[in-house]
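Heads up, run-v1.csv below (CSV, C-alpha atoms):
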```csv
chain,number,residue,atom,x,y,z
A,15,MET,CA,67.3,139.2,106.0
A,16,LEU,CA,68.8,135.7,105.9
A,17,THR,CA,66.7,133.3,103.8
A,18,ILE,CA,67.1,129.6,104.7
A,19,PRO,CA,66.2,127.2,101.9
A,20,ASP,CA,63.3,124.8,102.4
A,21,LEU,CA,64.6,121.8,104.4
A,22,ASN,CA,62.9,119.3,102.2
A,23,LYS,CA,64.9,120.6,99.2
A,24,LEU,CA,68.1,120.4,101.2
A,25,LYS,CA,67.3,116.8,102.0
A,26,VAL,CA,66.8,116.1,98.3
A,27,PHE,CA,70.1,117.8,97.5
A,28,TYR,CA,71.9,115.7,100.2
A,29,VAL,CA,70.6,112.4,98.8
A,30,VAL,CA,71.5,113.4,95.2
A,31,TYR,CA,75.0,114.5,96.3
A,32,MET,CA,75.5,111.2,98.1
A,33,ASN,CA,74.3,109.1,95.2
A,34,LYS,CA,75.7,111.3,92.3
A,35,SER,CA,72.5,110.3,90.4
A,36,ILE,CA,69.0,111.7,90.2
A,37,VAL,CA,67.6,108.3,89.4
A,38,ARG,CA,69.2,106.6,92.5
A,39,ALA,CA,68.2,109.6,94.6
A,40,ALA,CA,64.6,109.2,93.5
A,41,ASN,CA,64.6,105.5,94.4
A,42,VAL,CA,66.0,106.3,97.9
A,43,LEU,CA,63.4,109.1,98.5
A,44,ASN,CA,60.6,107.0,96.9
A,45,VAL,CA,59.6,109.9,94.6
A,46,THR,CA,59.7,110.4,90.8
A,47,ARG,CA,62.8,111.5,89.0
A,48,SER,CA,60.9,114.6,87.9
A,49,ALA,CA,60.2,115.5,91.5
A,50,VAL,CA,63.9,115.3,92.3
A,51,SER,CA,64.8,117.4,89.3
A,52,GLN,CA,62.2,120.1,90.2
A,53,SER,CA,63.4,120.2,93.8
A,54,LEU,CA,67.0,120.8,92.7
A,55,LYS,CA,66.0,123.4,90.1
A,56,SER,CA,64.0,125.2,92.8
A,57,LEU,CA,66.9,125.1,95.3
A,58,GLU,CA,69.2,126.5,92.6
A,59,ASP,CA,66.8,129.3,91.9
A,60,GLU,CA,66.6,130.1,95.6
A,61,THR,CA,70.3,130.1,96.1
A,62,HIS,CA,71.1,131.7,92.8
A,63,THR,CA,73.8,129.2,91.9
A,64,THR,CA,74.3,126.0,90.0
A,65,LEU,CA,74.7,123.0,92.3
A,66,PHE,CA,75.1,120.1,89.8
A,67,VAL,CA,76.3,119.7,86.2
A,68,ARG,CA,73.9,117.1,84.7
A,69,ASP,CA,74.2,114.6,81.9
A,70,SER,CA,72.2,111.6,80.9
A,71,LYS,CA,73.7,109.2,83.5
A,72,LYS,CA,75.0,111.1,86.5
A,73,VAL,CA,75.3,114.5,88.1
A,74,GLN,CA,78.6,116.2,89.0
A,75,PRO,CA,78.6,118.5,92.0
A,76,THR,CA,79.9,122.0,91.6
A,77,GLN,CA,82.1,123.9,94.1
A,78,ALA,CA,79.0,125.5,95.6
A,79,ALA,CA,77.5,122.0,96.1
A,80,ASP,CA,80.6,120.9,97.9
A,81,LEU,CA,80.3,123.8,100.2
A,82,PHE,CA,76.6,123.0,100.9
A,83,PHE,CA,77.4,119.3,101.5
A,84,ASN,CA,80.4,120.0,103.8
A,85,LEU,CA,78.1,122.1,106.0
A,86,MET,CA,75.1,119.8,105.9
A,87,GLY,CA,76.7,116.4,106.2
A,88,PRO,CA,77.7,116.5,109.8
A,89,PHE,CA,74.5,118.3,110.8
A,90,LEU,CA,72.3,115.6,109.1
A,91,ARG,CA,74.3,112.7,110.6
A,92,GLU,CA,74.1,114.3,114.1
A,93,LEU,CA,70.3,114.9,113.5
A,94,GLU,CA,69.9,111.2,112.7
A,95,SER,CA,71.7,110.3,115.9
A,96,VAL,CA,69.7,112.7,118.0
A,97,LEU,CA,66.4,111.4,116.6
A,98,HIS,CA,67.5,107.9,117.4
A,99,GLN,CA,68.4,108.9,120.9
A,100,ILE,CA,65.0,110.6,121.4
A,101,GLU,CA,63.3,107.4,120.1
A,102,THR,CA,65.3,105.1,122.3
A,103,GLY,CA,65.4,107.4,125.3
A,104,LYS,CA,69.2,106.9,125.6
A,105,LYS,CA,72.2,108.9,124.5
A,106,LYS,CA,74.4,106.5,122.7
A,107,PRO,CA,76.4,106.3,119.4
A,108,THR,CA,74.3,105.5,116.3
A,109,GLY,CA,74.4,106.1,112.6
A,110,HIS,CA,76.9,105.5,109.8
A,111,LEU,CA,80.7,106.3,109.9
A,112,ARG,CA,82.8,106.6,106.8
A,113,ILE,CA,86.5,106.1,107.6
A,114,GLY,CA,89.5,106.2,105.4
A,115,ALA,CA,92.6,104.2,106.1
A,116,PRO,CA,95.7,102.7,104.5
A,117,LEU,CA,95.0,99.3,102.9
A,118,ASP,CA,96.7,96.9,105.4
A,119,PHE,CA,96.0,99.0,108.5
A,120,GLY,CA,92.3,99.3,107.5
A,121,SER,CA,91.9,95.7,106.5
A,122,ASN,CA,93.4,94.3,109.7
A,123,HIS,CA,93.9,96.5,112.7
A,124,LEU,CA,91.1,99.0,112.1
A,125,THR,CA,88.6,96.3,111.2
A,126,GLU,CA,89.3,94.6,114.5
A,127,VAL,CA,88.7,97.9,116.4
A,128,VAL,CA,85.4,98.4,114.4
A,129,ALA,CA,84.2,94.9,115.3
A,130,LYS,CA,84.8,95.5,119.0
A,131,PHE,CA,83.1,98.9,118.8
A,132,ARG,CA,80.1,97.4,117.2
A,133,THR,CA,79.9,94.7,119.9
A,134,LYS,CA,79.3,97.6,122.3
A,135,TYR,CA,77.3,99.9,119.9
A,136,PRO,CA,75.5,97.7,117.4
A,137,THR,CA,73.5,100.5,115.9
A,138,VAL,CA,76.6,102.1,114.4
A,139,THR,CA,77.5,100.9,110.8
A,140,PHE,CA,80.8,101.5,109.1
A,141,GLU,CA,82.1,102.0,105.6
A,142,ILE,CA,85.9,101.7,105.4
A,143,ILE,CA,87.5,103.2,102.3
A,144,LEU,CA,91.1,102.1,101.7
A,145,GLY,CA,93.8,104.0,99.8
A,146,VAL,CA,96.8,106.2,99.9
A,147,PRO,CA,97.0,109.5,101.9
A,148,VAL,CA,96.3,112.0,99.1
A,149,ARG,CA,93.2,110.2,97.9
A,150,GLN,CA,92.0,109.9,101.5
A,151,LEU,CA,92.5,113.6,102.2
A,152,ASP,CA,90.8,114.6,99.0
A,153,LYS,CA,87.8,112.6,100.0
A,154,LEU,CA,87.9,114.0,103.5
A,155,MET,CA,87.9,117.6,102.3
A,156,GLN,CA,85.1,116.8,99.9
A,157,GLY,CA,82.9,115.5,102.7
A,158,GLU,CA,83.1,111.9,101.5
A,159,LEU,CA,84.8,110.7,104.6
A,160,ASP,CA,84.0,111.5,108.3
A,161,LEU,CA,87.6,110.9,109.4
A,162,ALA,CA,90.7,109.3,108.0
A,163,PHE,CA,93.8,107.4,109.3
A,164,ILE,CA,96.7,108.3,107.0
A,165,ASP,CA,100.5,107.7,107.0
A,166,ASN,CA,102.6,110.7,108.2
A,167,GLY,CA,99.8,113.2,108.2
A,168,ASN,CA,102.1,116.0,109.3
A,169,VAL,CA,103.6,115.9,105.8
A,170,PHE,CA,100.3,117.1,104.3
A,171,LEU,CA,99.7,120.0,106.7
A,172,LYS,CA,100.9,122.6,104.2
A,173,ASN,CA,98.5,121.4,101.4
A,174,TYR,CA,95.4,120.6,103.4
A,175,PRO,CA,93.5,122.5,106.1
A,176,ILE,CA,93.6,119.5,108.5
A,177,SER,CA,94.5,118.6,112.1
A,178,VAL,CA,96.5,115.4,112.7
A,179,GLU,CA,97.2,113.3,115.7
A,180,THR,CA,99.6,110.4,115.8
A,181,ILE,CA,97.9,107.2,117.0
A,182,GLN,CA,100.5,104.6,116.0
A,183,ARG,CA,104.2,104.4,115.2
A,184,GLU,CA,106.0,101.8,113.2
A,185,GLU,CA,109.6,101.3,112.1
A,186,PHE,CA,110.2,101.4,108.3
A,187,ALA,CA,113.1,99.5,106.6
A,188,LEU,CA,114.5,99.3,103.1
A,189,VAL,CA,114.7,95.6,102.3
A,190,ALA,CA,115.7,93.3,99.5
A,191,ASN,CA,115.4,89.7,98.6
A,192,ALA,CA,118.6,87.9,99.9
A,193,LYS,CA,119.6,86.7,96.5
A,194,PHE,CA,119.0,90.2,94.9
A,195,TYR,CA,121.0,91.8,97.7
A,196,ALA,CA,123.9,89.4,97.2
A,197,GLU,CA,124.0,90.0,93.4
A,198,ASN,CA,123.3,93.8,93.4
A,199,VAL,CA,124.0,95.4,96.7
A,200,LYS,CA,126.9,93.3,98.1
A,201,GLY,CA,127.1,95.2,101.3
A,202,LYS,CA,127.5,98.6,99.6
A,203,HIS,CA,124.9,100.9,101.1
A,204,SER,CA,126.0,104.1,99.4
A,205,LEU,CA,123.6,106.7,98.0
A,206,SER,CA,124.9,106.3,94.5
A,207,LEU,CA,124.4,102.5,94.5
A,208,LEU,CA,121.1,102.4,96.2
A,209,GLN,CA,119.4,105.1,94.1
A,210,SER,CA,120.4,103.1,91.0
A,211,LEU,CA,118.5,100.0,92.1
A,212,PRO,CA,115.1,99.0,90.8
A,213,ILE,CA,112.5,100.3,93.3
A,214,VAL,CA,109.2,98.7,94.5
A,215,ASP,CA,106.8,101.2,96.1
A,216,TYR,CA,103.1,102.0,96.7
A,217,LEU,CA,102.7,104.6,94.0
A,218,PRO,CA,104.5,105.1,90.6
A,219,HIS,CA,106.3,108.2,91.9
A,220,ALA,CA,107.7,106.2,94.9
A,221,PRO,CA,106.8,108.7,97.7
A,222,VAL,CA,107.8,106.3,100.5
A,223,ALA,CA,111.2,105.4,98.9
A,224,ARG,CA,111.9,109.1,98.4
A,225,MET,CA,111.2,109.7,102.1
A,226,TRP,CA,113.6,106.9,103.0
A,227,PHE,CA,116.4,108.4,100.9
A,228,LYS,CA,115.6,111.9,102.3
A,229,HIS,CA,115.7,110.6,105.9
A,230,ASN,CA,118.9,108.6,105.5
A,231,PHE,CA,121.0,110.8,103.1
A,232,GLY,CA,119.4,114.2,103.5
A,233,LYS,CA,118.8,114.6,99.8
A,234,ALA,CA,115.7,114.7,97.7
A,235,ILE,CA,116.0,112.0,95.0
A,236,SER,CA,114.0,112.6,91.8
A,237,ASP,CA,115.3,109.9,89.4
A,238,LEU,CA,114.4,106.6,91.1
A,239,LYS,CA,113.7,103.7,88.8
A,240,VAL,CA,110.3,102.4,89.9
A,241,VAL,CA,109.6,98.9,88.4
A,242,TYR,CA,106.5,98.0,90.4
A,243,SER,CA,103.9,99.8,92.4
A,244,ALA,CA,100.9,98.6,94.4
A,245,GLU,CA,98.7,100.2,97.1
A,246,SER,CA,99.3,97.3,99.4
A,247,VAL,CA,102.1,96.5,101.9
A,248,ARG,CA,101.5,92.8,101.3
A,249,ALA,CA,101.8,93.2,97.5
A,250,VAL,CA,105.0,95.2,97.9
A,251,VAL,CA,106.5,92.6,100.3
A,252,LYS,CA,105.6,89.9,97.8
A,253,ALA,CA,107.3,91.8,94.9
A,254,ILE,CA,110.4,92.3,97.0
A,255,SER,CA,110.5,88.6,98.0
A,256,LEU,CA,110.4,87.7,94.3
A,257,GLY,CA,113.5,89.8,93.6
A,258,MET,CA,111.9,92.6,91.7
A,259,GLY,CA,113.8,95.3,93.5
A,260,VAL,CA,114.2,97.0,96.9
A,261,GLY,CA,111.4,98.6,98.8
A,262,VAL,CA,110.4,100.3,102.1
A,263,ILE,CA,108.1,98.3,104.3
A,264,PRO,CA,107.1,98.2,108.0
A,265,ALA,CA,109.7,96.2,109.8
A,266,GLN,CA,107.1,94.0,111.4
A,267,MET,CA,105.8,93.0,108.0
A,268,ILE,CA,108.9,91.0,107.2
A,269,PRO,CA,107.6,87.4,107.5
A,270,LYS,CA,109.2,85.9,110.7
A,271,ASN,CA,109.3,82.4,109.1
A,272,LYS,CA,111.2,83.8,106.2
A,273,MET,CA,113.7,86.3,107.8
A,274,GLU,CA,116.6,84.6,106.1
A,275,GLN,CA,115.1,85.5,102.7
A,276,PHE,CA,115.2,89.3,103.3
A,277,LYS,CA,118.1,91.7,103.9
A,278,VAL,CA,117.6,95.0,105.6
A,279,ILE,CA,119.6,97.8,104.1
A,280,THR,CA,120.8,100.2,106.8
A,281,THR,CA,122.8,103.4,107.1
A,282,GLU,CA,124.3,105.3,110.0
A,283,LYS,CA,120.9,107.0,110.6
A,284,ASN,CA,118.3,105.7,112.9
A,285,ALA,CA,115.4,103.8,111.4
A,286,MET,CA,112.7,105.8,109.6
A,287,ILE,CA,109.5,105.9,111.7
A,288,ASN,CA,106.2,105.9,109.9
A,289,GLN,CA,103.3,107.5,111.8
A,290,ILE,CA,99.7,106.5,111.4
A,291,THR,CA,97.8,109.7,112.1
A,292,LEU,CA,94.2,110.6,112.6
A,293,ALA,CA,93.3,113.4,110.2
A,294,LEU,CA,90.3,115.7,110.5
A,295,PRO,CA,89.3,119.0,108.7
A,296,LEU,CA,90.1,122.0,110.8
A,297,SER,CA,86.5,123.3,110.4
A,298,LYS,CA,84.9,120.0,111.3
A,299,LYS,CA,82.6,119.7,114.3
A,300,LEU,CA,82.6,116.1,115.5
A,301,THR,CA,79.3,114.3,115.9
A,302,TYR,CA,78.5,112.4,119.1
A,303,THR,CA,79.2,109.1,117.3
A,304,GLU,CA,82.5,110.3,115.8
A,305,LYS,CA,83.6,111.4,119.2
A,306,ALA,CA,82.6,108.1,120.7
A,307,PHE,CA,84.6,106.1,118.1
A,308,ILE,CA,87.7,108.2,118.5
A,309,SER,CA,87.5,108.0,122.3
A,310,PHE,CA,86.9,104.2,122.1
A,311,TYR,CA,90.0,103.8,119.9
A,312,LYS,CA,92.2,105.8,122.2
A,313,ASN,CA,91.0,104.5,125.5
A,314,ASN,CA,91.1,100.8,124.7
A,315,GLU,CA,94.8,100.6,124.0
A,316,TYR,CA,94.5,100.0,120.3
A,317,ASN,CA,97.0,102.7,119.6
A,318,CYS,CA,100.7,102.0,120.1
```

Whole structure given in structure tokens:
Amino acid sequence: MLTIPDLNKLKVFYVVYMNKSIVRAANVLNVTRSAVSQSLKSLEDETHTTLFVRDSKKVQPTQAADLFFNLMGPFLRELESVLHQIETGKKKPTGHLRIGAPLDFGSNHLTEVVAKFRTKYPTVTFEIILGVPVRQLDKLMQGELDLAFIDNGNVFLKNYPISVETIQREEFALVANAKFYAENVKGKHSLSLLQSLPIVDYLPHAPVARMWFKHNFGKAISDLKVVYSAESVRAVVKAISLGMGVGVIPAQMIPKNKMEQFKVITTEKNAMINQITLALPLSKKLTYTEKAFISFYKNNEYNC
């Protein structure tokens, strides 16, 4: 016969997992640290598994804990939403959404969408976590994000059990400072020359630059010379403008008042298109609030 653990213990587990600390969990639950520890120990005894590796300052979830959390997280957030709806007598979005996004997309475009959504649904709060796709997907699969907007999500389908949907497209261009271009490129857009140039990218292994070379020359390049990396389009644009090297950026990010300071490096191929995609775990069941936010985004012409 199936034995379901005590729901109070599951609540304690959930708060400990979210805070990664027994002390902080005790403060949130307004109980003693000892009470939290005893509840966890009892839950582990009931489930015959270790849920956390403990040390003096924090607790580290085990794989079993991740499985518990991935199951419980959506349920508890939906429960919170339902209880609020019962209390108010209305079915409307409420609760807290954790959304991953690229730095500049999240800082600007997504924040504008969130502000408009909260104007309509002020009981929903948001936590926007900015970063590169792999880190966002890791958090998504660990249950630390409810949904994520990532660059070119289809690239990651082989490595992550996710579904992706394109919500925005933008043209990417390889660009250089005009002076750097005149001194180092001189109109020669050959593979041998371009791959020898110093590269500015978003990560040390230059994934975006490598995608540009693959798109334009059909070859995977493994020996690019990365001289600067930063997880920000604006930082990369700045580095390029200072003549540090060439880099791939969204074409619309080239400052219109400084167009003469940048040179776009083209080939016979069409421009590379970057896709901002909405990523969700294949096993995820969307809560009412998550569905409402995604629908709001799509139906209010925020996507391109």

Which neighbours of region 56-70 of chain A fall inside 10 Å, counting all atoms listed in the file, when residues of the same chain fewer than 2 positions from it are skipped, and could you give them as an NGL selection string? :A and (17-24 or 26-27 or 30-31 or 34-36 or 50-54 or 72-82)

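With all atoms listed in the file as the atoms that count, the minimum distance from Val247 (chain A) to the choices A:Val96, A:Val29, A:Ile263, A:Ala49 is reached by A:Ile263.
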
Counting all atoms listed in the file, find the residues whose atoms lie at most 7 Å from (103.6, 107.7, 111.4) (file coordinates) and write them out as a VMD selection string. chain A and resid 165 to 166 180 182 to 184 287 to 291

Atom-to-atom span, CA of Val241 (chain A) and CA of Gly259 (chain A), Å: 7.5 Å

Nearest to Lys298 (chain A) by atom-to-atom distance, counting only C-alpha atoms, from A:Leu90, A:Met155, A:Leu188, A:Val42: A:Met155

One-decimal distance in Å that lies between CA of Phe119 (chain A) and CA of Ile142 (chain A):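 So the answer is 10.9 Å.
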
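Using only C-alpha atoms for every distance, the candidate list A:Pro116, A:Gly87, A:Gly109, A:Pro212 yields A:Gly109 as the residue closest to Arg132 (chain A).
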